[in-house]
$ cat target-v3.cif   # mmCIF, C-alpha atoms and all ligand atoms
data_upload
loop_
_atom_site.label_atom_id
_atom_site.label_comp_id
_atom_site.auth_asym_id
_atom_site.auth_seq_id
_atom_site.Cartn_x
_atom_site.Cartn_y
_atom_site.Cartn_z
CA MET A 1 -15.16 -7.67 -13.92
CA GLU A 2 -12.31 -8.12 -16.40
CA LYS A 3 -10.43 -11.39 -15.72
CA ARG A 4 -6.76 -11.91 -16.57
CA GLU A 5 -4.16 -14.57 -15.89
CA LEU A 6 -1.08 -12.53 -14.97
CA VAL A 7 -1.25 -8.83 -14.14
CA ILE A 8 2.11 -7.06 -13.88
CA VAL A 9 2.03 -3.72 -12.09
CA GLY A 10 4.86 -1.47 -13.36
CA GLY A 11 6.67 -1.40 -16.68
CA GLY A 12 10.29 -0.88 -15.58
CA PRO A 13 13.11 -3.40 -16.13
CA ALA A 14 11.52 -5.85 -13.65
CA GLY A 15 8.00 -5.61 -15.10
CA LEU A 16 9.13 -5.77 -18.73
CA THR A 17 11.35 -8.79 -18.10
CA ALA A 18 8.45 -10.47 -16.28
CA ALA A 19 6.27 -9.74 -19.33
CA ILE A 20 8.81 -11.42 -21.66
CA TYR A 21 9.09 -14.53 -19.48
CA GLY A 22 5.36 -14.65 -18.78
CA ARG A 23 4.43 -14.50 -22.47
CA ARG A 24 7.09 -17.00 -23.46
CA ALA A 25 5.58 -19.37 -20.89
CA GLY A 26 2.24 -18.95 -22.66
CA LEU A 27 0.45 -16.82 -20.07
CA ASP A 28 -2.08 -14.11 -20.81
CA VAL A 29 -0.14 -11.04 -19.60
CA LEU A 30 -1.41 -7.55 -18.87
CA VAL A 31 1.17 -4.85 -17.96
CA LEU A 32 -0.22 -1.83 -16.12
CA GLU A 33 2.04 1.22 -16.27
CA LYS A 34 1.03 4.66 -15.03
CA GLY A 35 3.53 6.54 -17.20
CA MET A 36 5.80 5.49 -20.00
CA ALA A 37 7.18 1.93 -19.80
CA GLY A 38 10.91 1.87 -19.10
CA GLY A 39 11.09 2.90 -15.44
CA GLN A 40 13.77 4.86 -13.65
CA ILE A 41 16.50 4.20 -16.20
CA THR A 42 14.79 6.52 -18.67
CA ILE A 43 16.18 9.44 -16.62
CA THR A 44 19.79 8.35 -16.44
CA ALA A 45 22.38 9.33 -19.03
CA GLU A 46 24.69 6.35 -19.05
CA ILE A 47 24.44 2.74 -17.97
CA GLU A 48 27.79 1.00 -17.72
CA ASN A 49 26.83 -2.16 -15.88
CA TRP A 50 24.27 -3.90 -18.05
CA PRO A 51 26.21 -7.03 -19.10
CA GLY A 52 27.03 -7.33 -22.78
CA ILE A 53 26.72 -3.61 -23.48
CA PRO A 54 29.65 -1.61 -22.05
CA MET A 55 27.86 1.73 -22.41
CA ILE A 56 24.30 2.67 -23.32
CA SER A 57 22.05 5.57 -22.45
CA GLY A 58 19.23 4.83 -20.03
CA GLU A 59 16.68 5.93 -22.58
CA GLU A 60 18.07 3.58 -25.24
CA LEU A 61 18.15 0.61 -22.88
CA ALA A 62 14.59 1.32 -21.75
CA ARG A 63 13.49 1.45 -25.39
CA ALA A 64 15.24 -1.85 -26.13
CA PHE A 65 13.47 -3.46 -23.15
CA ARG A 66 10.10 -2.14 -24.33
CA GLU A 67 10.61 -3.29 -27.91
CA HIS A 68 11.80 -6.70 -26.75
CA ALA A 69 8.72 -7.13 -24.54
CA GLU A 70 6.40 -5.92 -27.33
CA LYS A 71 7.76 -8.70 -29.56
CA PHE A 72 5.94 -11.21 -27.33
CA SER A 73 2.68 -9.22 -27.40
CA PRO A 74 1.67 -8.76 -23.80
CA GLU A 75 -1.11 -6.23 -23.44
CA PHE A 76 0.21 -2.84 -22.26
CA ARG A 77 -2.27 -0.51 -20.62
CA GLU A 78 -1.66 2.98 -19.34
CA ALA A 79 -3.27 2.84 -15.90
CA GLU A 80 -2.33 3.65 -12.34
CA VAL A 81 -2.92 0.92 -9.79
CA LYS A 82 -4.62 2.34 -6.71
CA LYS A 83 -5.10 -0.83 -4.68
CA VAL A 84 -4.60 -4.58 -4.74
CA SER A 85 -6.91 -6.56 -2.48
CA ILE A 86 -8.29 -10.02 -1.87
CA GLU A 87 -12.04 -10.13 -2.29
CA ALA A 88 -13.88 -13.42 -1.70
CA GLY A 89 -10.58 -15.23 -2.21
CA LYS A 90 -9.88 -13.48 -5.55
CA LYS A 91 -7.05 -11.08 -6.29
CA VAL A 92 -8.48 -7.73 -7.42
CA VAL A 93 -6.33 -5.00 -8.96
CA ALA A 94 -8.10 -1.63 -8.74
CA THR A 95 -6.88 0.95 -11.26
CA ASP A 96 -7.95 4.45 -12.27
CA LYS A 97 -9.42 2.76 -15.37
CA GLY A 98 -11.42 0.02 -13.63
CA ASP A 99 -10.96 -3.20 -11.66
CA ILE A 100 -9.31 -6.40 -12.89
CA GLU A 101 -9.42 -9.87 -11.38
CA ALA A 102 -6.07 -11.64 -11.70
CA GLU A 103 -4.99 -15.21 -11.14
CA ALA A 104 -1.52 -13.93 -10.20
CA VAL A 105 -0.08 -10.45 -9.68
CA ILE A 106 3.53 -9.28 -9.94
CA ILE A 107 4.25 -5.99 -8.20
CA ALA A 108 7.13 -4.30 -10.03
CA THR A 109 6.48 -0.66 -9.20
CA GLY A 110 10.05 0.26 -8.26
CA ALA A 111 10.97 3.19 -6.09
CA SER A 112 10.79 6.99 -6.09
CA PHE A 113 13.18 9.69 -4.97
CA ARG A 114 13.25 10.56 -1.30
CA LYS A 115 12.83 14.26 -0.54
CA LEU A 116 15.07 16.36 1.72
CA GLY A 117 12.08 17.74 3.56
CA CYS A 118 13.73 21.13 4.23
CA PRO A 119 12.11 24.57 3.79
CA GLY A 120 12.24 25.74 0.17
CA GLU A 121 12.43 22.26 -1.38
CA ALA A 122 8.78 21.98 -2.39
CA GLU A 123 8.53 25.69 -3.22
CA PHE A 124 11.49 25.62 -5.66
CA THR A 125 10.87 22.20 -7.24
CA GLY A 126 10.95 22.88 -10.99
CA ARG A 127 12.52 26.30 -10.29
CA GLY A 128 16.03 25.12 -9.50
CA VAL A 129 15.33 22.02 -7.39
CA SER A 130 15.44 18.80 -9.40
CA TYR A 131 15.58 15.02 -8.96
CA CYS A 132 16.68 14.26 -12.53
CA ALA A 133 20.04 15.29 -13.97
CA VAL A 134 19.24 14.12 -17.51
CA CYS A 135 15.95 16.02 -17.56
CA ASP A 136 17.17 19.32 -16.10
CA GLY A 137 21.00 19.42 -16.29
CA ALA A 138 21.08 21.47 -19.51
CA PHE A 139 19.25 24.37 -17.79
CA PHE A 140 22.39 25.03 -15.72
CA GLU A 141 24.91 25.77 -18.48
CA ASP A 142 27.95 27.54 -16.92
CA GLN A 143 26.26 27.88 -13.53
CA VAL A 144 27.26 26.73 -10.06
CA ILE A 145 25.03 23.99 -8.66
CA ALA A 146 24.84 21.53 -5.75
CA VAL A 147 24.13 17.81 -5.66
CA VAL A 148 22.92 16.40 -2.35
CA GLY A 149 23.78 12.77 -1.45
CA GLY A 150 26.69 10.38 -1.24
CA GLY A 151 25.68 7.13 -2.96
CA ASN A 152 26.28 5.91 -6.51
CA THR A 153 23.44 7.92 -8.02
CA ALA A 154 24.53 11.21 -6.39
CA VAL A 155 28.20 10.87 -7.35
CA GLU A 156 27.52 9.60 -10.90
CA GLU A 157 24.95 12.28 -11.59
CA ALA A 158 27.25 15.00 -10.18
CA ASP A 159 29.91 13.86 -12.66
CA TYR A 160 27.35 13.97 -15.49
CA LEU A 161 26.19 17.46 -14.49
CA THR A 162 29.72 18.87 -15.00
CA ARG A 163 28.96 18.65 -18.75
CA PHE A 164 26.80 21.72 -18.22
CA ALA A 165 27.62 23.38 -14.91
CA SER A 166 30.81 25.36 -14.26
CA LYS A 167 31.05 23.86 -10.77
CA VAL A 168 29.24 21.10 -8.87
CA TYR A 169 29.35 20.88 -5.07
CA ILE A 170 28.43 17.50 -3.60
CA ILE A 171 26.85 18.02 -0.19
CA HIS A 172 27.20 14.88 1.92
CA ARG A 173 26.35 14.28 5.57
CA ARG A 174 29.41 12.03 6.13
CA ASP A 175 33.15 12.46 5.45
CA SER A 176 33.34 9.89 2.64
CA PHE A 177 31.03 8.73 -0.15
CA ARG A 178 29.07 5.44 -0.05
CA ALA A 179 29.39 5.09 -3.84
CA ASP A 180 31.51 2.40 -5.56
CA ARG A 181 35.25 3.07 -5.59
CA ALA A 182 35.45 3.45 -9.40
CA VAL A 183 32.59 5.95 -9.39
CA VAL A 184 34.20 8.00 -6.61
CA GLU A 185 37.65 7.96 -8.28
CA LYS A 186 36.19 9.25 -11.55
CA ALA A 187 34.25 12.04 -9.84
CA MET A 188 37.12 13.12 -7.58
CA ALA A 189 39.41 13.39 -10.61
CA ASN A 190 36.95 15.88 -12.14
CA PRO A 191 38.21 19.43 -11.44
CA LYS A 192 34.66 20.84 -11.55
CA ILE A 193 33.56 18.73 -8.55
CA GLU A 194 34.04 19.83 -4.95
CA PRO A 195 32.71 17.76 -2.04
CA VAL A 196 31.32 19.50 1.04
CA TRP A 197 31.67 16.94 3.83
CA ASN A 198 29.68 16.46 7.05
CA SER A 199 26.98 18.84 5.88
CA VAL A 200 23.21 18.83 5.47
CA VAL A 201 20.94 21.26 3.66
CA GLU A 202 18.90 23.28 6.17
CA LYS A 203 17.10 25.53 3.70
CA ILE A 204 16.85 26.30 -0.01
CA LYS A 205 16.63 30.05 -0.68
CA GLY A 206 15.71 32.26 -3.60
CA THR A 207 13.16 34.68 -5.00
CA ASP A 208 11.73 33.36 -8.30
CA MET A 209 14.45 30.76 -8.75
CA VAL A 210 16.95 29.05 -6.41
CA GLU A 211 19.75 31.42 -5.40
CA GLY A 212 21.47 29.54 -2.60
CA ILE A 213 21.38 26.97 0.18
CA VAL A 214 21.91 27.14 3.90
CA LEU A 215 24.18 24.34 5.11
CA LYS A 216 24.70 22.96 8.59
CA ASN A 217 27.90 21.20 9.56
CA VAL A 218 26.75 18.10 11.49
CA LYS A 219 30.03 17.95 13.46
CA THR A 220 30.36 21.59 14.55
CA GLY A 221 26.73 22.72 14.31
CA GLU A 222 27.87 25.80 12.32
CA THR A 223 25.69 27.10 9.51
CA SER A 224 26.90 28.69 6.28
CA GLU A 225 25.46 29.86 2.98
CA LEU A 226 26.44 28.61 -0.45
CA PRO A 227 25.28 30.53 -3.54
CA VAL A 228 24.02 28.01 -6.15
CA ALA A 229 21.56 28.24 -9.04
CA GLY A 230 20.38 24.63 -8.79
CA VAL A 231 20.01 21.79 -6.27
CA PHE A 232 19.88 18.16 -7.44
CA VAL A 233 18.65 15.81 -4.72
CA PHE A 234 19.78 12.15 -4.68
CA VAL A 235 19.33 11.04 -1.07
CA GLY A 236 17.83 7.61 -1.53
CA MET A 237 14.57 6.08 -2.58
CA ASN A 238 11.18 5.14 -1.14
CA PRO A 239 9.31 2.03 -2.36
CA ASN A 240 6.20 2.56 -4.48
CA SER A 241 4.13 0.16 -2.42
CA ASP A 242 1.39 2.27 -0.81
CA PHE A 243 -1.26 0.49 -2.86
CA VAL A 244 -0.53 -2.84 -1.11
CA LYS A 245 -0.14 -1.34 2.37
CA GLY A 246 -1.61 -3.71 4.94
CA LEU A 247 -1.99 -6.50 2.38
CA VAL A 248 1.54 -7.89 1.98
CA GLU A 249 4.30 -7.95 4.57
CA THR A 250 6.75 -5.03 4.24
CA LYS A 251 9.89 -3.85 6.03
CA ASP A 252 11.55 -0.55 6.97
CA GLY A 253 8.96 1.77 5.50
CA GLY A 254 7.34 -0.28 2.76
CA TRP A 255 9.94 -2.49 1.05
CA ILE A 256 8.06 -5.71 0.17
CA VAL A 257 9.31 -8.90 1.82
CA THR A 258 9.64 -11.90 -0.52
CA ASN A 259 11.08 -15.40 -0.44
CA GLU A 260 13.45 -16.98 -2.95
CA MET A 261 10.62 -17.43 -5.47
CA LEU A 262 9.69 -13.78 -4.97
CA GLU A 263 6.39 -14.76 -3.38
CA THR A 264 5.03 -12.14 -0.97
CA SER A 265 3.18 -13.08 2.19
CA VAL A 266 0.00 -13.38 0.09
CA GLU A 267 -0.39 -16.45 -2.12
CA GLY A 268 -0.32 -15.62 -5.83
CA ILE A 269 1.11 -12.12 -5.31
CA PHE A 270 4.78 -11.73 -6.22
CA ALA A 271 7.16 -8.74 -6.02
CA ALA A 272 10.12 -7.98 -8.29
CA GLY A 273 12.75 -5.27 -8.65
CA ASP A 274 13.46 -2.19 -6.56
CA VAL A 275 10.14 -2.30 -4.68
CA ARG A 276 11.16 -5.37 -2.71
CA ASP A 277 13.41 -5.71 0.31
CA LYS A 278 16.78 -6.62 -1.24
CA PHE A 279 20.52 -5.95 -1.10
CA LEU A 280 21.20 -4.45 -4.55
CA ARG A 281 18.81 -2.26 -6.53
CA GLN A 282 20.07 -2.18 -10.11
CA VAL A 283 18.81 -2.88 -13.62
CA VAL A 284 20.45 -6.29 -13.74
CA THR A 285 18.92 -7.44 -10.44
CA ALA A 286 15.52 -5.99 -11.38
CA ALA A 287 15.57 -7.93 -14.66
CA GLY A 288 16.63 -11.11 -12.82
CA ASP A 289 13.77 -10.61 -10.38
CA GLY A 290 11.32 -10.14 -13.24
CA ALA A 291 12.32 -13.49 -14.74
CA THR A 292 12.08 -15.32 -11.40
CA ALA A 293 8.73 -13.76 -10.49
CA ALA A 294 7.20 -14.57 -13.88
CA MET A 295 8.29 -18.22 -13.73
CA ALA A 296 7.11 -18.51 -10.13
CA ALA A 297 3.77 -16.97 -11.16
CA TYR A 298 3.56 -19.40 -14.07
CA SER A 299 4.17 -22.33 -11.76
CA TYR A 300 1.58 -20.93 -9.32
CA ILE A 301 -1.06 -20.46 -12.00
CA SER A 302 -0.53 -23.79 -13.69
CA GLU A 303 -0.01 -25.91 -10.60
CA GLN A 304 -1.98 -24.36 -7.77
CA LEU A 305 -5.01 -23.29 -9.75
CA HIS A 306 -5.07 -26.47 -11.79
CA LEU A 307 -4.82 -28.47 -8.58
CA GLN A 308 -7.59 -26.43 -7.05
CA LYS A 309 -9.78 -27.43 -9.99
CA VAL A 310 -9.00 -31.14 -9.96
CA LEU A 311 -8.95 -31.44 -6.17
CA PHE A 312 -11.68 -29.13 -4.93
CA GLU A 313 -14.35 -29.14 -7.60
CA PRO A 314 -15.26 -32.86 -8.09
CA GLU A 315 -17.82 -34.74 -5.91
CA ARG A 316 -15.21 -37.20 -4.70
CA VAL A 317 -11.43 -37.29 -5.15
CA VAL A 318 -8.88 -39.74 -3.78
CA SER A 319 -5.39 -38.29 -4.02
CA LEU A 320 -1.93 -39.52 -3.12
CA PHE A 321 0.52 -36.81 -2.09
CA TYR A 322 4.10 -38.10 -2.41
CA SER A 323 7.60 -36.66 -2.53
CA SER A 324 9.39 -36.58 -5.87
CA ILE A 325 12.79 -36.49 -4.16
CA ASP A 326 12.28 -39.75 -2.27
CA GLN A 327 13.02 -42.90 -4.30
CA GLU A 328 10.71 -45.10 -2.17
CA GLN A 329 7.83 -42.67 -2.62
CA ILE A 330 8.40 -42.42 -6.36
CA LYS A 331 8.21 -46.23 -6.48
CA LEU A 332 4.98 -46.14 -4.46
CA ALA A 333 3.49 -43.47 -6.76
CA ASN A 334 4.35 -45.61 -9.82
CA GLU A 335 2.71 -48.67 -8.24
CA VAL A 336 -0.43 -46.70 -7.37
CA GLU A 337 -0.55 -45.32 -10.90
CA LYS A 338 -0.30 -48.84 -12.34
CA LYS A 339 -2.80 -50.43 -9.96
CA TYR A 340 -5.51 -47.76 -9.78
CA ALA A 341 -5.00 -45.98 -13.11
CA LYS A 342 -7.31 -42.93 -13.09
CA LYS A 343 -8.97 -43.62 -9.75
CA VAL A 344 -6.21 -41.94 -7.72
CA LEU A 345 -4.89 -38.46 -8.41
CA LEU A 346 -1.13 -38.32 -7.92
CA ILE A 347 0.27 -35.04 -6.60
CA ASP A 348 3.88 -34.19 -5.96
CA GLY A 349 3.62 -32.84 -2.42
CA TYR A 350 7.29 -31.82 -2.44
CA LYS A 351 6.64 -29.29 -5.22
CA ASN A 352 3.19 -28.31 -3.96
CA LYS A 353 3.93 -27.33 -0.40
CA ARG A 354 1.22 -24.68 -0.25
CA MET A 355 -1.43 -27.24 -1.18
CA CYS A 356 -0.08 -29.63 1.48
CA GLU A 357 -0.33 -26.82 4.04
CA LYS A 358 -3.90 -26.11 2.94
CA LEU A 359 -4.88 -29.74 3.48
CA GLY A 360 -2.96 -30.08 6.72
CA ILE A 361 -0.54 -32.64 5.25
CA VAL A 362 2.66 -32.64 7.29
CA ASP A 363 4.30 -35.95 6.33
CA LEU A 364 4.46 -37.64 2.96
CA PRO A 365 3.22 -39.99 1.55
CA GLN A 366 -0.39 -39.28 2.50
CA VAL A 367 -3.72 -40.17 0.91
CA VAL A 368 -6.56 -37.68 1.18
CA VAL A 369 -10.20 -38.12 0.28
CA LEU A 370 -12.07 -34.94 -0.61
CA ASN A 371 -15.71 -34.19 -1.28
CA LYS A 372 -16.27 -30.90 -3.16
CA GLY A 373 -13.30 -29.38 -1.38
CA SER A 374 -14.08 -30.76 2.10
CA LEU A 375 -11.57 -33.15 3.62
CA VAL A 376 -13.31 -36.48 4.32
CA LYS A 377 -10.30 -38.57 5.27
CA SER A 378 -6.52 -38.35 5.44
CA LYS A 379 -4.27 -41.38 5.90
CA ALA A 380 -0.52 -42.07 5.85
CA ILE A 381 0.24 -45.13 3.71
CA ASN A 382 3.28 -47.26 2.93
CA ASP A 383 2.02 -49.58 0.20
CA ALA A 384 -0.34 -49.32 -2.74
CA GLN A 385 -2.66 -51.94 -1.24
CA ALA A 386 -3.55 -49.59 1.65
CA ILE A 387 -5.48 -47.35 -0.75
CA GLU A 388 -7.97 -50.11 -1.62
CA GLY A 389 -10.31 -49.38 1.29
CA LEU A 390 -10.46 -45.67 0.44
CA LEU A 391 -11.68 -46.01 -3.13
C1 LIG B 1 19.33 8.52 -11.78
C2 LIG B 1 19.44 7.02 -11.71
C3 LIG B 1 20.55 6.40 -12.24
C4 LIG B 1 20.64 5.00 -12.21
N1 LIG B 1 21.74 4.39 -12.78
C5 LIG B 1 21.80 3.04 -12.83
C6 LIG B 1 22.89 2.38 -13.48
O1 LIG B 1 23.80 3.03 -14.01
N2 LIG B 1 22.89 1.02 -13.50
C7 LIG B 1 21.91 0.26 -12.92
O2 LIG B 1 21.97 -0.95 -13.01
N3 LIG B 1 20.88 0.87 -12.29
C8 LIG B 1 20.80 2.22 -12.21
N4 LIG B 1 19.76 2.82 -11.57
C9 LIG B 1 18.80 1.96 -10.84
C10 LIG B 1 17.80 1.32 -11.80
O3 LIG B 1 17.24 2.32 -12.62
C11 LIG B 1 16.74 0.59 -11.00
O4 LIG B 1 17.35 -0.37 -10.18
C12 LIG B 1 15.74 -0.14 -11.92
O5 LIG B 1 15.15 0.78 -12.81
C13 LIG B 1 14.66 -0.83 -11.11
O6 LIG B 1 13.72 -1.38 -11.99
P1 LIG B 1 12.23 -1.71 -11.51
O7 LIG B 1 11.55 -2.28 -12.69
O8 LIG B 1 12.26 -2.47 -10.26
O9 LIG B 1 11.57 -0.31 -11.10
P2 LIG B 1 11.41 1.07 -11.89
O10 LIG B 1 12.48 1.26 -12.88
O11 LIG B 1 11.26 2.08 -10.80
O12 LIG B 1 10.03 0.89 -12.67
C14 LIG B 1 8.81 0.88 -11.97
C15 LIG B 1 7.69 1.30 -12.92
O13 LIG B 1 6.45 1.14 -12.24
C16 LIG B 1 5.60 2.24 -12.55
N5 LIG B 1 4.65 2.40 -11.44
C17 LIG B 1 4.92 2.79 -10.17
N6 LIG B 1 3.79 2.79 -9.42
C18 LIG B 1 2.78 2.41 -10.25
C19 LIG B 1 1.39 2.22 -10.06
N7 LIG B 1 0.79 2.41 -8.88
N8 LIG B 1 0.64 1.83 -11.12
C20 LIG B 1 1.23 1.60 -12.34
N9 LIG B 1 2.55 1.77 -12.57
C21 LIG B 1 3.32 2.16 -11.53
C22 LIG B 1 6.56 3.42 -12.69
O14 LIG B 1 5.98 4.44 -13.50
C23 LIG B 1 7.78 2.75 -13.34
O15 LIG B 1 7.72 2.82 -14.76
C24 LIG B 1 19.63 4.22 -11.60
C25 LIG B 1 18.51 4.86 -11.06
C26 LIG B 1 18.41 6.25 -11.12
C27 LIG B 1 17.20 6.93 -10.56
#

$ encode --input "target-v3.cif" --output "structure tokens"
Amino acid sequence: MEKRELVIVGGGPAGLTAAIYGRRAGLDVLVLEKGMAGGQITITAEIENWPGIPMISGEELARAFREHAEKFSPEFREAEVKKVSIEAGKKVVATDKGDIEAEAVIIATGASFRKLGCPGEAEFTGRGVSYCAVCDGAFFEDQVIAVVGGGNTAVEEADYLTRFASKVYIIHRRDSFRADRAVVEKAMANPKIEPVWNSVVEKIKGTDMVEGIVLKNVKTGETSELPVAGVFVFVGMNPNSDFVKGLVETKDGGWIVTNEMLETSVEGIFAAGDVRDKFLRQVVTAAGDGATAAMAAYSYISEQLHLQKVLFEPERVVSLFYSSIDQEQIKLANEVEKKYAKKVLLIDGYKNKRMCEKLGIVDLPQVVVLNKGSLVKSKAINDAQAIEGLL
């Protein structure tokens, strides 16, 4: 099986940033992307909140990310990841182009549009129903269309669609938008936009193409028909995490749970960007996540796997686990280093908590004696002399 150091699944802002940081840290990096690298931003017209660039098209920013990542020469491979699993303690990434064994994996697969689930939606997708204003907006020149949703994406994209459409209704289930104030103010000042409050789409109707929608007022229960030629759906996102279902801990329908270092519940598997459980899903937070995950993966690969080698492979190892934030313990580690030179392996237990957990070390400092990975002895010590009998 192909063996790689760091496998990044997904080539959006999170995955591409992780690739930059991973390569700069000297890791062998493989990026697996099922489509074209760039992610969701490739389908948005304007990005106004990427710091340093007041306005850029999504496509341009995605291209800049790709070119920047390419400069550090990670390997890009067009492949869809079907499953990530642990087999005999190894992380295996199964793709439609074969399996890969990875020392660390970063899941950066983002999120996909949620569907309305009403009659007519599936039938008219591509024939008037769309999830991408940039891709399909131009087909609705001088026509009346509807946008469904009330968050930033819905309101921003409705505003963008007025470049083509003669009128854009925004159908929202509440009586005010969830979008940022500035976004709402801009859209509401646009004479082509008309909100339809407290309403949900019951049905999308038409013959060959969309001709109208049936709306239900959630307050009164009344139904009405609105003639429109197109329906753009922006009602939230679902995480692209099915391929790790049952492996890593998730929340509320698949968002991956991580800690501050973006570690998932499985050692050596990290998650970054929109796919994880987080407060704000944006390009800037996805890129930040990518950087954190790559550095955490680097630290995992270099520390944990190196430690595994020096601790678990030799016939006999005597190791002192100490805390690098305790002055007394630093002094003790220095004394041990001086007295026993290469006979005792010094390990910062404060930084290597997972290894401490593995060896059952609760308090530091602690000396452990290992034989080919099996714990022979474990002893708390206070002075360098106490190690003598263990050597
Ligand atoms: C219409 C729209 C407008 C937006 N506007 C803005 C904005 O103005 N400002 C802003 O900051 N953010 C905006 N966003 C949000 C922003 O695009 C996302 O927060 C960001 O792209 C998340 O990056 P990511 O890398 O986590 O995921 P994504 O961008 O979703 O990238 C994930 C990548 O993983 C790939 N992938 C998925 N599953 C697999 C698999 N199984 N195998 C291999 N590859 C896989 C996908 O093809 C994709 O390329 C907008 C989003 C949309 C949809």

$ residues_near_ligand --input "target-v3.cif" --ligand "ligand LIG 1 (chain B)" --cutoff "6 Å" --atoms "all atoms listed in the file" --output "ChimeraX atom specification"
/A:9-15,32-35,37-41,43-44,47-49,79-82,108-111,153,240,273-275,281-284,286

$ atom_distance --input "target-v3.cif" --atom1 "atom CA of Ile20 of chain A" --atom2 "atom CA of Glu260 of chain A"
20.1 Å

$ residues_around --input "target-v3.cif" --residues "segment 297-314 of chain A" --least-positions-apart "5" --cutoff "7 Å" --atoms "all atoms listed in the file" --output "ChimeraX atom specification"
/A:22,103-104,268,371-373

$ write_last_selection --input "target-v3.cif" --atoms "C-alpha atoms" --output "mmCIF file, keeping the file's coordinate frame"
data_model
loop_
_atom_site.group_PDB
_atom_site.id
_atom_site.type_symbol
_atom_site.label_atom_id
_atom_site.label_comp_id
_atom_site.auth_asym_id
_atom_site.auth_seq_id
_atom_site.Cartn_x
_atom_site.Cartn_y
_atom_site.Cartn_z
ATOM 1 C CA GLY A 22 5.360 -14.650 -18.780
ATOM 2 C CA GLU A 103 -4.990 -15.210 -11.140
ATOM 3 C CA ALA A 104 -1.520 -13.930 -10.200
ATOM 4 C CA GLY A 268 -0.320 -15.620 -5.830
ATOM 5 C CA ASN A 371 -15.710 -34.190 -1.280
ATOM 6 C CA LYS A 372 -16.270 -30.900 -3.160
ATOM 7 C CA GLY A 373 -13.300 -29.380 -1.380
#

$ residues_near_point --input "target-v3.cif" --point "(-1.8, -25.0, 2.1)" --cutoff "12 Å" --atoms "all atoms listed in the file" --output "list in words"
Val266, Glu267, Gln304, Leu307, Gln308, Gly349, Lys351, Asn352, Lys353, Arg354, Met355, Cys356, Glu357, Lys358, Leu359, Gly360, Ile361 and Val362 of chain A

$ residues_around --input "target-v3.cif" --residues "Ala69 of chain A" --least-positions-apart "3" --cutoff "9 Å" --atoms "all atoms listed in the file" --output "MDAnalysis selection string"
chainID A and resid 16:21 23 64:66 72:74

$ atom_distance --input "target-v3.cif" --atom1 "atom CA of Gln329 of chain A" --atom2 "atom CA of Lys379 of chain A"
14.9 Å

$ residues_around --input "target-v3.cif" --residues "Val129 of chain A" --least-positions-apart "4" --cutoff "10 Å" --atoms "only C-alpha atoms" --output "PyMOL selection string"
chain A and resi 120-125+136+145-147+204+209-210+229-233

$ closest_residue --input "target-v3.cif" --among "A:Asn238, A:Thr95, A:Asn152, A:Ser224" --to "Ile256 of chain A" --atoms "only C-alpha atoms"
A:Asn238

$ closest_residue --input "target-v3.cif" --among "A:Ala62, A:Ala384, A:Val248, A:Leu375" --to "Ile330 of chain A" --atoms "only C-alpha atoms"
A:Ala384

$ atom_distance --input "target-v3.cif" --atom1 "atom CA of Thr162 of chain A" --atom2 "atom CA of Glu59 of chain A"
19.9 Å

$ closest_residue --input "target-v3.cif" --among "A:Glu60, A:Glu157, A:Asp383, A:Glu337" --to "Ile170 of chain A" --atoms "all atoms listed in the file"
A:Glu157

$ closest_residue --input "target-v3.cif" --among "A:Tyr322, A:Ile106, A:Ala88, A:Val235" --to "Tyr131 of chain A" --atoms "all atoms listed in the file"
A:Val235

$ residues_near_point --input "target-v3.cif" --point "(-3.0, -35.4, -7.0)" --cutoff "6 Å" --atoms "only C-alpha atoms" --output "JSON, numbers by chain"
{"A": [319, 320, 345, 346, 347]}

$ closest_residue --input "target-v3.cif" --among "A:Leu215, A:Val369, A:Val31, A:Leu247" --to "Ser85 of chain A" --atoms "only C-alpha atoms"
A:Leu247

$ residues_around --input "target-v3.cif" --residues "His172 of chain A" --least-positions-apart "6" --cutoff "9 Å" --atoms "all atoms listed in the file" --output "list in words"
Val147, Val148, Gly149, Gly150, Pro195, Val196, Trp197, Asn198, Ser199 and Val200 of chain A

$ closest_residue --input "target-v3.cif" --among "A:Lys90, A:Lys186, A:Arg181, A:Lys216" --to "Lys203 of chain A" --atoms "only C-alpha atoms"
A:Lys216

$ residues_around --input "target-v3.cif" --residues "Glu185 of chain A" --least-positions-apart "3" --cutoff "12 Å" --atoms "only C-alpha atoms" --output "PyMOL selection string"
chain A and resi 152+155-156+159+176-177+179-182+188-191+193

$ build_atoms --input "target-v3.cif" --residues "segment 110-114 of chain A" --atoms "N, CA and C atoms" --output "short mmCIF file (atom, residue, chain, number, x, y, z; two decimals), in the frame of the given file"
data_model
loop_
_atom_site.label_atom_id
_atom_site.label_comp_id
_atom_site.auth_asym_id
_atom_site.auth_seq_id
_atom_site.Cartn_x
_atom_site.Cartn_y
_atom_site.Cartn_z
N GLY A 110 8.81 -0.46 -8.48
CA GLY A 110 10.05 0.26 -8.26
C GLY A 110 10.03 1.21 -7.08
N ALA A 111 10.81 2.27 -7.20
CA ALA A 111 10.97 3.19 -6.09
C ALA A 111 11.02 4.62 -6.62
N SER A 112 10.77 5.57 -5.71
CA SER A 112 10.79 6.99 -6.09
C SER A 112 11.77 7.75 -5.22
N PHE A 113 12.20 8.91 -5.70
CA PHE A 113 13.18 9.69 -4.97
C PHE A 113 12.67 10.15 -3.61
N ARG A 114 13.55 10.04 -2.63
CA ARG A 114 13.25 10.56 -1.30
C ARG A 114 13.49 12.07 -1.33
#
